[in-house]
>>> print(open('work.pdb').read())   # PDB, C-alpha atoms
ATOM      1  CA  MET A   1     166.403 126.512 107.997
ATOM      2  CA  ASP A   2     163.483 128.943 108.259
ATOM      3  CA  TRP A   3     159.871 128.102 109.093
ATOM      4  CA  GLN A   4     158.679 127.721 105.508
ATOM      5  CA  GLY A   5     161.808 125.736 104.667
ATOM      6  CA  GLN A   6     160.953 123.280 107.444
ATOM      7  CA  LYS A   7     157.470 122.770 106.065
ATOM      8  CA  LEU A   8     158.842 122.386 102.537
ATOM      9  CA  ALA A   9     161.461 119.827 103.654
ATOM     10  CA  GLU A  10     158.813 117.783 105.474
ATOM     11  CA  GLN A  11     156.471 117.760 102.475
ATOM     12  CA  ILE A  12     159.217 116.910  99.974
ATOM     13  CA  MET A  13     160.350 114.055 102.223
ATOM     14  CA  GLN A  14     156.874 112.521 102.516
ATOM     15  CA  ILE A  15     155.955 112.897  98.850
ATOM     16  CA  LEU A  16     159.292 111.567  97.566
ATOM     17  CA  LEU A  17     159.201 108.520  99.850
ATOM     18  CA  LEU A  18     155.644 107.645  98.801
ATOM     19  CA  VAL A  19     156.489 108.067  95.108
ATOM     20  CA  PHE A  20     159.533 105.822  95.446
ATOM     21  CA  ALA A  21     157.523 103.244  97.411
ATOM     22  CA  VAL A  22     154.909 102.989  94.654
ATOM     23  CA  ALA A  23     157.559 102.986  91.913
ATOM     24  CA  SER A  24     159.596 100.241  93.581
ATOM     25  CA  LEU A  25     156.510  98.083  94.219
ATOM     26  CA  VAL A  26     155.464  98.334  90.583
ATOM     27  CA  ALA A  27     159.018  97.696  89.348
ATOM     28  CA  GLY A  28     159.439  94.703  91.651
ATOM     29  CA  TYR A  29     156.096  93.157  90.765
ATOM     30  CA  VAL A  30     156.441  93.677  86.998
ATOM     31  CA  LEU A  31     160.010  92.380  86.882
ATOM     32  CA  GLY A  32     159.141  89.602  89.347
ATOM     33  CA  SER A  33     162.097  90.504  91.543
ATOM     34  CA  PHE A  34     161.860  91.302  95.236
ATOM     35  CA  GLN A  35     165.476  92.461  95.178
ATOM     36  CA  THR A  36     164.693  95.093  92.544
ATOM     37  CA  MET A  37     161.992  96.527  94.791
ATOM     38  CA  MET A  38     164.393  96.754  97.715
ATOM     39  CA  LEU A  39     167.171  98.352  95.642
ATOM     40  CA  VAL A  40     164.865 100.949  94.052
ATOM     41  CA  TYR A  41     163.426 101.859  97.434
ATOM     42  CA  ALA A  42     166.863 102.035  99.073
ATOM     43  CA  GLY A  43     167.982 104.366  96.288
ATOM     44  CA  GLY A  44     164.873 106.481  96.823
ATOM     45  CA  VAL A  45     165.488 106.772 100.556
ATOM     46  CA  THR A  46     169.106 107.799  99.952
ATOM     47  CA  LEU A  47     168.096 110.422  97.396
ATOM     48  CA  THR A  48     165.364 111.777  99.682
ATOM     49  CA  ALA A  49     167.857 112.003 102.538
ATOM     50  CA  LEU A  50     170.274 113.964 100.360
ATOM     51  CA  ILE A  51     167.520 116.387  99.335
ATOM     52  CA  THR A  52     165.767 116.976 102.643
ATOM     53  CA  VAL A  53     168.251 116.378 105.455
ATOM     54  CA  PRO A  54     171.062 118.909 104.794
ATOM     55  CA  ASN A  55     170.245 122.590 105.239
ATOM     56  CA  TRP A  56     170.268 123.586 101.558
ATOM     57  CA  PRO A  57     170.084 127.323 100.646
ATOM     58  CA  PHE A  58     166.612 127.022  99.083
ATOM     59  CA  TYR A  59     165.190 126.208 102.514
ATOM     60  CA  ASN A  60     166.312 129.670 103.690
ATOM     61  CA  ARG A  61     164.506 132.009 101.304
ATOM     62  CA  HIS A  62     162.060 133.377 103.869
ATOM     63  CA  PRO A  63     164.181 134.823 106.694
ATOM     64  CA  LEU A  64     162.394 136.230 109.708
ATOM     65  CA  ASN A  65     162.296 140.058 109.743
ATOM     66  CA  TRP A  66     163.273 140.992 113.249
ATOM     67  CA  LEU A  67     162.460 144.491 114.589
ATOM     68  CA  ASP A  68     165.124 147.136 114.203
ATOM     69  CA  PRO A  69     167.002 147.677 117.506
ATOM     70  CA  SER A  70     166.124 151.391 117.559
ATOM     71  CA  GLU A  71     162.439 150.457 117.250
ATOM     72  CA  ALA A  72     162.785 148.074 120.186
ATOM     73  CA  GLU A  73     164.295 150.792 122.399
ATOM     74  CA  LYS A  74     161.236 153.009 121.908
ATOM     75  CA  HIS A  75     159.072 150.288 123.416
ATOM     76  CA  PRO A  76     160.989 149.089 126.451
ATOM     77  CA  LYS A  77     160.214 145.700 127.936
ATOM     78  CA  PRO A  78     157.825 145.867 130.861
ATOM     79  CA  GLN A  79     159.823 145.498 134.048
ATOM     80  CA  ILE A  80     158.808 143.129 136.794
ATOM     81  CA  ALA A  81     157.421 145.221 139.592
ATOM     82  CA  VAL A  82     159.332 144.597 142.812
ATOM     83  CA  SER A  83     157.558 145.663 145.952
ATOM     84  CA  SER A  84     159.729 147.558 148.434
ATOM     85  CA  LYS A  85     157.874 145.932 151.324
ATOM     86  CA  LYS A  86     159.173 142.470 150.498
ATOM     87  CA  LYS A  87     162.687 143.758 150.133
ATOM     88  CA  ALA A  88     162.405 145.338 153.523
ATOM     89  CA  THR A  89     161.276 142.121 155.202
ATOM     90  CA  LYS A  90     164.130 140.187 153.631
ATOM     91  CA  LYS A  91     166.638 142.565 155.056
TER      92      LYS A  91
ATOM     93  CA  MET B   1     164.327 121.909 116.982
ATOM     94  CA  HIS B   2     164.385 121.293 113.230
ATOM     95  CA  SER B   3     167.991 120.222 113.123
ATOM     96  CA  PHE B   4     169.953 117.819 110.911
ATOM     97  CA  GLY B   5     169.434 114.938 113.330
ATOM     98  CA  TYR B   6     165.746 115.639 113.742
ATOM     99  CA  ARG B   7     165.160 115.560 109.997
ATOM    100  CA  LEU B   8     167.230 112.386 109.563
ATOM    101  CA  ASN B   9     165.260 110.693 112.333
ATOM    102  CA  GLY B  10     161.957 111.717 110.768
ATOM    103  CA  LEU B  11     163.050 110.442 107.376
ATOM    104  CA  LEU B  12     164.224 107.074 108.694
ATOM    105  CA  THR B  13     161.126 106.357 110.772
ATOM    106  CA  PHE B  14     158.807 107.317 107.914
ATOM    107  CA  SER B  15     160.764 105.264 105.377
ATOM    108  CA  VAL B  16     160.756 102.161 107.587
ATOM    109  CA  THR B  17     157.002 102.513 108.175
ATOM    110  CA  ILE B  18     156.453 102.620 104.412
ATOM    111  CA  LEU B  19     158.770  99.632 103.980
ATOM    112  CA  ALA B  20     156.573  97.614 106.356
ATOM    113  CA  ILE B  21     153.492  98.545 104.323
ATOM    114  CA  MET B  22     155.279  97.588 101.084
ATOM    115  CA  CYS B  23     156.135  94.171 102.538
ATOM    116  CA  ALA B  24     152.500  93.679 103.571
ATOM    117  CA  ILE B  25     151.378  94.522 100.030
ATOM    118  CA  ALA B  26     153.982  92.122  98.606
ATOM    119  CA  SER B  27     152.583  89.380 100.846
ATOM    120  CA  LEU B  28     149.014  90.157  99.778
ATOM    121  CA  SER B  29     150.040  90.055  96.113
ATOM    122  CA  ASP B  30     150.679  86.311  96.542
ATOM    123  CA  ASN B  31     146.908  85.854  96.569
ATOM    124  CA  LEU B  32     146.773  87.003  92.944
ATOM    125  CA  ASN B  33     148.694  83.891  91.926
ATOM    126  CA  THR B  34     146.587  80.839  91.096
ATOM    127  CA  PRO B  35     149.000  77.888  91.055
ATOM    128  CA  SER B  36     148.381  74.721  89.070
ATOM    129  CA  PRO B  37     150.896  72.213  90.456
ATOM    130  CA  SER B  38     151.000  68.608  89.342
ATOM    131  CA  ALA B  39     152.651  65.527  90.820
ATOM    132  CA  GLU B  40     152.944  61.850  90.099
ATOM    133  CA  ILE B  41     154.456  59.108  92.252
ATOM    134  CA  GLN B  42     155.025  55.534  91.163
ATOM    135  CA  VAL B  43     155.994  52.803  93.609
ATOM    136  CA  MET B  44     158.615  50.974  91.575
ATOM    137  CA  ASN B  45     159.455  48.239  94.044
ATOM    138  CA  ILE B  46     158.833  47.028  97.591
ATOM    139  CA  ASN B  47     162.474  46.392  98.541
ATOM    140  CA  TRP B  48     161.629  44.518 101.687
ATOM    141  CA  PHE B  49     158.662  44.204 104.013
ATOM    142  CA  GLN B  50     158.998  42.652 107.420
ATOM    143  CA  LYS B  51     157.944  42.605 111.031
ATOM    144  CA  GLN B  52     160.437  44.101 113.467
ATOM    145  CA  PRO B  53     161.333  42.090 116.626
ATOM    146  CA  GLN B  54     159.209  44.609 118.593
ATOM    147  CA  GLY B  55     156.214  43.671 116.464
ATOM    148  CA  ASN B  56     155.949  46.731 114.257
ATOM    149  CA  ASP B  57     155.769  46.393 110.501
ATOM    150  CA  GLU B  58     158.535  48.059 108.550
ATOM    151  CA  VAL B  59     158.733  48.486 104.822
ATOM    152  CA  SER B  60     161.289  49.836 102.383
ATOM    153  CA  LEU B  61     160.126  50.945  98.979
ATOM    154  CA  THR B  62     161.497  52.614  95.872
ATOM    155  CA  MET B  63     159.539  55.494  94.405
ATOM    156  CA  ASN B  64     159.620  57.487  91.244
ATOM    157  CA  ILE B  65     158.536  61.040  92.081
ATOM    158  CA  SER B  66     157.903  63.584  89.364
ATOM    159  CA  ALA B  67     156.332  66.979  89.969
ATOM    160  CA  ASP B  68     155.935  70.386  88.404
ATOM    161  CA  LEU B  69     155.627  73.005  91.145
ATOM    162  CA  GLN B  70     156.876  75.981  89.143
ATOM    163  CA  THR B  71     153.554  77.821  89.346
ATOM    164  CA  LEU B  72     153.862  77.964  93.144
ATOM    165  CA  PHE B  73     156.731  80.407  92.807
ATOM    166  CA  THR B  74     155.936  84.127  92.837
ATOM    167  CA  TRP B  75     158.202  87.157  93.146
ATOM    168  CA  ASN B  76     157.763  86.917  96.929
ATOM    169  CA  THR B  77     158.727  83.231  97.272
ATOM    170  CA  LYS B  78     161.966  82.333  98.983
ATOM    171  CA  GLN B  79     161.776  78.541  98.772
ATOM    172  CA  LEU B  80     159.513  75.533  98.914
ATOM    173  CA  PHE B  81     159.625  72.727 101.435
ATOM    174  CA  ILE B  82     158.050  69.553 100.095
ATOM    175  CA  PHE B  83     157.575  66.114 101.584
ATOM    176  CA  VAL B  84     155.945  62.864 100.599
ATOM    177  CA  ALA B  85     153.910  61.153 103.287
ATOM    178  CA  ALA B  86     152.233  57.781 103.279
ATOM    179  CA  GLU B  87     148.745  58.084 104.765
ATOM    180  CA  TYR B  88     146.544  55.207 105.831
ATOM    181  CA  GLU B  89     143.944  54.238 108.403
ATOM    182  CA  THR B  90     144.332  51.624 111.130
ATOM    183  CA  PRO B  91     142.005  50.516 113.943
ATOM    184  CA  LYS B  92     144.237  52.415 116.424
ATOM    185  CA  ASN B  93     144.593  55.688 114.475
ATOM    186  CA  SER B  94     142.115  57.176 112.043
ATOM    187  CA  LEU B  95     145.026  58.821 110.192
ATOM    188  CA  ASN B  96     148.616  57.647 110.107
ATOM    189  CA  GLN B  97     151.094  59.928 108.358
ATOM    190  CA  VAL B  98     154.610  58.666 107.740
ATOM    191  CA  SER B  99     157.055  61.026 106.104
ATOM    192  CA  LEU B 100     159.058  59.114 103.507
ATOM    193  CA  TRP B 101     161.040  61.751 101.647
ATOM    194  CA  ASP B 102     161.482  65.513 101.726
ATOM    195  CA  ALA B 103     163.320  68.256  99.887
ATOM    196  CA  ILE B 104     163.860  72.003  99.810
ATOM    197  CA  ILE B 105     163.409  73.663  96.440
ATOM    198  CA  PRO B 106     165.394  76.916  96.457
ATOM    199  CA  ALA B 107     164.397  78.290  93.059
ATOM    200  CA  LYS B 108     161.787  78.122  90.345
ATOM    201  CA  GLU B 109     164.277  76.510  87.949
ATOM    202  CA  HIS B 110     164.442  73.462  90.226
ATOM    203  CA  ALA B 111     160.694  73.177  90.757
ATOM    204  CA  LYS B 112     160.118  70.835  87.814
ATOM    205  CA  PHE B 113     161.936  67.673  88.768
ATOM    206  CA  TRP B 114     162.060  63.936  88.574
ATOM    207  CA  ILE B 115     163.690  61.677  91.155
ATOM    208  CA  HIS B 116     164.097  57.967  91.614
ATOM    209  CA  THR B 117     164.608  57.231  95.303
ATOM    210  CA  SER B 118     163.991  54.800  98.094
ATOM    211  CA  ASN B 119     162.352  56.151 101.240
ATOM    212  CA  LYS B 120     164.697  58.605 102.975
ATOM    213  CA  TYR B 121     163.087  58.075 106.398
ATOM    214  CA  ARG B 122     162.088  54.694 107.837
ATOM    215  CA  PHE B 123     158.544  53.608 107.190
ATOM    216  CA  VAL B 124     157.469  51.910 110.415
ATOM    217  CA  ASP B 125     153.867  51.254 111.388
ATOM    218  CA  GLN B 126     152.514  51.472 114.934
ATOM    219  CA  GLY B 127     151.588  47.817 115.073
ATOM    220  CA  ASN B 128     151.405  45.215 112.323
ATOM    221  CA  ASN B 129     148.618  46.435 110.089
ATOM    222  CA  LEU B 130     150.439  46.909 106.807
ATOM    223  CA  ARG B 131     149.838  43.548 105.069
ATOM    224  CA  GLY B 132     147.441  44.136 102.179
ATOM    225  CA  LYS B 133     146.784  47.697 103.412
ATOM    226  CA  GLU B 134     145.673  50.365 100.964
ATOM    227  CA  PHE B 135     147.473  53.684 101.375
ATOM    228  CA  ASN B 136     147.763  57.131  99.857
ATOM    229  CA  LEU B 137     150.953  58.929  98.963
ATOM    230  CA  THR B 138     150.522  62.631  99.558
ATOM    231  CA  LEU B 139     152.836  65.352  98.333
ATOM    232  CA  HIS B 140     152.680  68.208 100.838
ATOM    233  CA  TRP B 141     154.292  71.585 100.254
ATOM    234  CA  HIS B 142     154.932  74.674 102.317
ATOM    235  CA  VAL B 143     155.567  77.886 100.413
ATOM    236  CA  MET B 144     158.023  80.074 102.332
ATOM    237  CA  PRO B 145     157.686  83.702 101.303
ATOM    238  CA  LYS B 146     160.290  86.436 101.561
ATOM    239  CA  THR B 147     157.810  88.441 103.621
ATOM    240  CA  GLY B 148     154.412  87.650 105.017
ATOM    241  CA  LYS B 149     152.133  84.682 105.133
ATOM    242  CA  MET B 150     153.202  81.072 104.597
ATOM    243  CA  PHE B 151     151.041  78.850 102.425
ATOM    244  CA  ALA B 152     150.637  75.083 102.617
ATOM    245  CA  ASP B 153     148.764  72.656 100.411
ATOM    246  CA  LYS B 154     148.977  69.080  99.129
ATOM    247  CA  ILE B 155     148.190  66.667  96.333
ATOM    248  CA  VAL B 156     146.742  63.311  97.419
ATOM    249  CA  LEU B 157     147.577  60.330  95.212
ATOM    250  CA  THR B 158     145.488  57.245  95.891
ATOM    251  CA  GLY B 159     145.421  53.606  94.939
ATOM    252  CA  TYR B 160     148.593  52.123  96.426
ATOM    253  CA  SER B 161     148.638  48.911  98.423
ATOM    254  CA  PHE B 162     151.098  46.694 100.268
ATOM    255  CA  PRO B 163     151.653  43.022  99.438
ATOM    256  CA  GLU B 164     149.690  40.440 101.381
ATOM    257  CA  GLU B 165     152.813  38.709 102.716
ATOM    258  CA  TYR B 166     156.120  39.775 104.298
ATOM    259  CA  ARG B 167     159.108  39.509 101.990
TER     260      ARG B 167
END
>>> encode(input="work.pdb", output="structure tokens")
Amino acid sequence: MDWQGQKLAEQIMQILLLVFAVASLVAGYVLGSFQTMMLVYAGGVTLTALITVPNWPFYNRHPLNWLDPSEAEKHPKPQIAVSSKKKATKK
Amino acid sequence: MHSFGYRLNGLLTFSVTILAIMCAIASLSDNLNTPSPSAEIQVMNINWFQKQPQGNDEVSLTMNISADLQTLFTWNTKQLFIFVAAEYETPKNSLNQVSLWDAIIPAKEHAKFWIHTSNKYRFVDQGNNLRGKEFNLTLHWHVMPKTGKMFADKIVLTGYSFPEEYR
């Protein structure tokens, strides 16, 4: 999952759970059944889990563009300077 | 970091937090209900009325209890606990409460009832003050919700009295 996919998954999860919470409260209160509220919410949590937990392909539409290897070779990593004096004392 | 397990954990914690808030709202919604319960108790007969060897008065009576408590039930109500108590004043105690009968009402369909019963629990006074005593019969109820706050209330029925003599 890429960076934007992570953000998308998080937002979908929060919005879906809130929508299902409100829907189940209204359904439970109107129908006068606490059990209905619990079942609707449980269904909502399951559905949200199926949508946001697995790594679906649509979460991977913004892959990171890494530098080309040849480009990286032109700009070598800075090396850690090792002083010869220290090496000498160790020996 | 953003792995399968991490997302599942986030989802579960968030969903349980919301569930707690939903339960709190369900409990608060009980306040929207304005119940109008009614109850009536008739003392049909004083079966016997005597002084125990220890000196305490004891009485057995037959009651006719009818009540309509259906409006106490909301979508968040699990059951009702109800009991009938005899309440009276004596020189020793400013309020005596003796539980005579109780019941659990598990559903709204059973909340409108009628029962003819003698006292389920013994009615014994602390002392021998019951001859000619005026007393109240009070129907108490405790509403037990599925989630949240418990409610309790009562209906006081007045104008009952014991006979002047033991029988």
>>> residues_near_point(input="work.pdb", point="(167.3, 117.0, 105.8)", cutoff="7 Å", atoms="all atoms listed in the file", output="list in words")
Ala9, Ala49, Leu50, Ile51, Thr52, Val53, Pro54 and Asn55 of chain A; Phe4, Arg7 and Leu8 of chain B
>>> atom_distance(input="work.pdb", atom1="CA of Ile155 (chain B)", atom2="CA of Leu139 (chain B)")
5.2 Å
>>> resolve_selection(input="work.pdb", expression="the PyMOL selection byres ((chain B and resi 102) around 12)", output="PDB file with C-alpha atoms, in the frame of the given file")
ATOM      1  CA  ILE B  65     158.536  61.040  92.081  1.00  0.00           C
ATOM      2  CA  LEU B  80     159.513  75.533  98.914  1.00  0.00           C
ATOM      3  CA  PHE B  81     159.625  72.727 101.435  1.00  0.00           C
ATOM      4  CA  ILE B  82     158.050  69.553 100.095  1.00  0.00           C
ATOM      5  CA  PHE B  83     157.575  66.114 101.584  1.00  0.00           C
ATOM      6  CA  VAL B  84     155.945  62.864 100.599  1.00  0.00           C
ATOM      7  CA  ALA B  85     153.910  61.153 103.287  1.00  0.00           C
ATOM      8  CA  VAL B  98     154.610  58.666 107.740  1.00  0.00           C
ATOM      9  CA  SER B  99     157.055  61.026 106.104  1.00  0.00           C
ATOM     10  CA  LEU B 100     159.058  59.114 103.507  1.00  0.00           C
ATOM     11  CA  TRP B 101     161.040  61.751 101.647  1.00  0.00           C
ATOM     12  CA  ALA B 103     163.320  68.256  99.887  1.00  0.00           C
ATOM     13  CA  ILE B 104     163.860  72.003  99.810  1.00  0.00           C
ATOM     14  CA  ILE B 105     163.409  73.663  96.440  1.00  0.00           C
ATOM     15  CA  ILE B 115     163.690  61.677  91.155  1.00  0.00           C
ATOM     16  CA  THR B 117     164.608  57.231  95.303  1.00  0.00           C
ATOM     17  CA  SER B 118     163.991  54.800  98.094  1.00  0.00           C
ATOM     18  CA  ASN B 119     162.352  56.151 101.240  1.00  0.00           C
ATOM     19  CA  LYS B 120     164.697  58.605 102.975  1.00  0.00           C
ATOM     20  CA  TYR B 121     163.087  58.075 106.398  1.00  0.00           C
ATOM     21  CA  THR B 138     150.522  62.631  99.558  1.00  0.00           C
ATOM     22  CA  LEU B 139     152.836  65.352  98.333  1.00  0.00           C
ATOM     23  CA  HIS B 140     152.680  68.208 100.838  1.00  0.00           C
ATOM     24  CA  TRP B 141     154.292  71.585 100.254  1.00  0.00           C
ATOM     25  CA  HIS B 142     154.932  74.674 102.317  1.00  0.00           C
TER      26      HIS B 142
END
>>> atom_distance(input="work.pdb", atom1="CA of Lys133 (chain B)", atom2="CA of Gly55 (chain B)")
16.6 Å
>>> atom_distance(input="work.pdb", atom1="CA of Leu61 (chain B)", atom2="CA of Met144 (chain B)")
29.4 Å
>>> closest_atom_pairs(input="work.pdb", of="chain A", to="chain B", cutoff="9 Å", atoms="all atoms listed in the file", output="CSV")
residue,atom,partner,partner_atom,distance
A:Met1,CA,B:His2,CA,7.7
A:Gln6,CA,B:His2,CA,7.0
A:Ala9,CA,B:Arg7,CA,8.5
A:Glu10,CA,B:Arg7,CA,8.1
A:Met13,CA,B:Leu11,CA,6.8
A:Gln14,CA,B:Phe14,CA,7.7
A:Leu17,CA,B:Ser15,CA,6.6
A:Leu18,CA,B:Ile18,CA,7.6
A:Ala21,CA,B:Met22,CA,7.1
A:Val22,CA,B:Met22,CA,8.4
A:Leu25,CA,B:Met22,CA,7.0
A:Gly28,CA,B:Trp75,CA,7.8
A:Tyr29,CA,B:Trp75,CA,6.8
A:Leu31,CA,B:Trp75,CA,8.4
A:Gly32,CA,B:Trp75,CA,4.6
A:Ser33,CA,B:Trp75,CA,5.4
A:Phe34,CA,B:Trp75,CA,5.9
A:Met38,CA,B:Leu19,CA,8.9
A:Tyr41,CA,B:Leu19,CA,8.3
A:Val45,CA,B:Ser15,CA,6.9
A:Thr48,CA,B:Leu11,CA,8.1
A:Ala49,CA,B:Leu11,CA,7.0
A:Thr52,CA,B:Arg7,CA,7.5
A:Val53,CA,B:Arg7,CA,5.6
A:Pro54,CA,B:Phe4,CA,6.3
A:Asn55,CA,B:Phe4,CA,7.4
>>> resolve_selection(input="work.pdb", expression="the PyMOL selection byres ((chain A and resi 63-67) around 10)", output="NGL selection string")
:A and (1-5 or 59-62 or 68-72)
>>> write_last_selection(input="work.pdb", atoms="C-alpha atoms", output="mmCIF file, keeping the file's coordinate frame")
data_model
loop_
_atom_site.group_PDB
_atom_site.id
_atom_site.type_symbol
_atom_site.label_atom_id
_atom_site.label_comp_id
_atom_site.auth_asym_id
_atom_site.auth_seq_id
_atom_site.Cartn_x
_atom_site.Cartn_y
_atom_site.Cartn_z
ATOM 1 C CA MET A 1 166.403 126.512 107.997
ATOM 2 C CA ASP A 2 163.483 128.943 108.259
ATOM 3 C CA TRP A 3 159.871 128.102 109.093
ATOM 4 C CA GLN A 4 158.679 127.721 105.508
ATOM 5 C CA GLY A 5 161.808 125.736 104.667
ATOM 6 C CA TYR A 59 165.190 126.208 102.514
ATOM 7 C CA ASN A 60 166.312 129.670 103.690
ATOM 8 C CA ARG A 61 164.506 132.009 101.304
ATOM 9 C CA HIS A 62 162.060 133.377 103.869
ATOM 10 C CA ASP A 68 165.124 147.136 114.203
ATOM 11 C CA PRO A 69 167.002 147.677 117.506
ATOM 12 C CA SER A 70 166.124 151.391 117.559
ATOM 13 C CA GLU A 71 162.439 150.457 117.250
ATOM 14 C CA ALA A 72 162.785 148.074 120.186
#
>>> resolve_selection(input="work.pdb", expression="the PyMOL selection byres ((chain B and resi 161) around 12)", output="list in words")
Gln42, Val43, Asn45, Ile46, Val59, Leu61, Ala86, Glu87, Tyr88, Asn129, Leu130, Arg131, Gly132, Lys133, Glu134, Phe135, Asn136, Leu137, Leu157, Thr158, Gly159, Tyr160, Phe162, Pro163, Glu164 and Glu165 of chain B
>>> closest_residue(input="work.pdb", among="B:Glu89, B:Asp30, B:Glu40, B:Asp68", to="Phe113 (chain B)", atoms="only C-alpha atoms")
B:Asp68
>>> residues_around(input="work.pdb", residues="Thr34 (chain B)", least_positions_apart="6", cutoff="12 Å", atoms="all atoms listed in the file", output="PyMOL selection string")
chain B and resi 69-74
>>> build_atoms(input="work.pdb", residues="region 103-125 of chain B", atoms="N, CA and C atoms", output="PDB file, keeping the file's coordinate frame")
ATOM      1  N   ALA B 103     162.336  67.474 100.641  1.00  0.00           N
ATOM      2  CA  ALA B 103     163.320  68.256  99.887  1.00  0.00           C
ATOM      3  C   ALA B 103     163.007  69.728 100.040  1.00  0.00           C
ATOM      4  N   ILE B 104     164.030  70.550  99.845  1.00  0.00           N
ATOM      5  CA  ILE B 104     163.860  72.003  99.810  1.00  0.00           C
ATOM      6  C   ILE B 104     164.149  72.445  98.384  1.00  0.00           C
ATOM      7  N   ILE B 105     163.219  73.165  97.808  1.00  0.00           N
ATOM      8  CA  ILE B 105     163.409  73.663  96.440  1.00  0.00           C
ATOM      9  C   ILE B 105     163.741  75.149  96.530  1.00  0.00           C
ATOM     10  N   PRO B 106     164.983  75.538  96.225  1.00  0.00           N
ATOM     11  CA  PRO B 106     165.394  76.916  96.457  1.00  0.00           C
ATOM     12  C   PRO B 106     165.020  77.889  95.338  1.00  0.00           C
ATOM     13  N   ALA B 107     164.672  77.361  94.158  1.00  0.00           N
ATOM     14  CA  ALA B 107     164.397  78.290  93.059  1.00  0.00           C
ATOM     15  C   ALA B 107     163.432  77.672  92.071  1.00  0.00           C
ATOM     16  N   LYS B 108     162.791  78.552  91.309  1.00  0.00           N
ATOM     17  CA  LYS B 108     161.787  78.122  90.345  1.00  0.00           C
ATOM     18  C   LYS B 108     162.377  77.151  89.324  1.00  0.00           C
ATOM     19  N   GLU B 109     163.643  77.359  88.979  1.00  0.00           N
ATOM     20  CA  GLU B 109     164.277  76.510  87.949  1.00  0.00           C
ATOM     21  C   GLU B 109     164.344  75.053  88.388  1.00  0.00           C
ATOM     22  N   HIS B 110     164.343  74.835  89.717  1.00  0.00           N
ATOM     23  CA  HIS B 110     164.442  73.462  90.226  1.00  0.00           C
ATOM     24  C   HIS B 110     163.085  72.875  90.592  1.00  0.00           C
ATOM     25  N   ALA B 111     162.013  73.597  90.277  1.00  0.00           N
ATOM     26  CA  ALA B 111     160.694  73.177  90.757  1.00  0.00           C
ATOM     27  C   ALA B 111     160.038  72.151  89.850  1.00  0.00           C
ATOM     28  N   LYS B 112     160.636  71.897  88.679  1.00  0.00           N
ATOM     29  CA  LYS B 112     160.118  70.835  87.814  1.00  0.00           C
ATOM     30  C   LYS B 112     161.167  69.738  87.822  1.00  0.00           C
ATOM     31  N   PHE B 113     160.878  68.646  88.520  1.00  0.00           N
ATOM     32  CA  PHE B 113     161.936  67.673  88.768  1.00  0.00           C
ATOM     33  C   PHE B 113     161.404  66.253  88.655  1.00  0.00           C
ATOM     34  N   TRP B 114     162.326  65.364  88.712  1.00  0.00           N
ATOM     35  CA  TRP B 114     162.060  63.936  88.574  1.00  0.00           C
ATOM     36  C   TRP B 114     163.111  63.245  89.411  1.00  0.00           C
ATOM     37  N   ILE B 115     162.699  62.358  90.307  1.00  0.00           N
ATOM     38  CA  ILE B 115     163.690  61.677  91.155  1.00  0.00           C
ATOM     39  C   ILE B 115     163.277  60.234  91.388  1.00  0.00           C
ATOM     40  N   HIS B 116     164.286  59.395  91.367  1.00  0.00           N
ATOM     41  CA  HIS B 116     164.097  57.967  91.614  1.00  0.00           C
ATOM     42  C   HIS B 116     164.777  57.679  92.948  1.00  0.00           C
ATOM     43  N   THR B 117     164.008  57.332  93.965  1.00  0.00           N
ATOM     44  CA  THR B 117     164.608  57.231  95.303  1.00  0.00           C
ATOM     45  C   THR B 117     163.896  56.187  96.146  1.00  0.00           C
ATOM     46  N   SER B 118     164.652  55.618  97.077  1.00  0.00           N
ATOM     47  CA  SER B 118     163.991  54.800  98.094  1.00  0.00           C
ATOM     48  C   SER B 118     163.622  55.734  99.251  1.00  0.00           C
ATOM     49  N   ASN B 119     162.802  55.240 100.182  1.00  0.00           N
ATOM     50  CA  ASN B 119     162.352  56.151 101.240  1.00  0.00           C
ATOM     51  C   ASN B 119     163.527  56.621 102.106  1.00  0.00           C
ATOM     52  N   LYS B 120     163.593  57.956 102.270  1.00  0.00           N
ATOM     53  CA  LYS B 120     164.697  58.605 102.975  1.00  0.00           C
ATOM     54  C   LYS B 120     164.570  58.358 104.480  1.00  0.00           C
ATOM     55  N   TYR B 121     163.344  58.315 104.975  1.00  0.00           N
ATOM     56  CA  TYR B 121     163.087  58.075 106.398  1.00  0.00           C
ATOM     57  C   TYR B 121     162.378  56.729 106.548  1.00  0.00           C
ATOM     58  N   ARG B 122     162.612  56.049 107.649  1.00  0.00           N
ATOM     59  CA  ARG B 122     162.088  54.694 107.837  1.00  0.00           C
ATOM     60  C   ARG B 122     160.567  54.705 107.910  1.00  0.00           C
ATOM     61  N   PHE B 123     159.998  53.741 107.237  1.00  0.00           N
ATOM     62  CA  PHE B 123     158.544  53.608 107.190  1.00  0.00           C
ATOM     63  C   PHE B 123     158.164  52.487 108.153  1.00  0.00           C
ATOM     64  N   VAL B 124     157.819  52.882 109.383  1.00  0.00           N
ATOM     65  CA  VAL B 124     157.469  51.910 110.415  1.00  0.00           C
ATOM     66  C   VAL B 124     156.036  52.178 110.858  1.00  0.00           C
ATOM     67  N   ASP B 125     155.252  51.119 110.935  1.00  0.00           N
ATOM     68  CA  ASP B 125     153.867  51.254 111.388  1.00  0.00           C
ATOM     69  C   ASP B 125     153.814  51.150 112.916  1.00  0.00           C
TER      70      ASP B 125
END
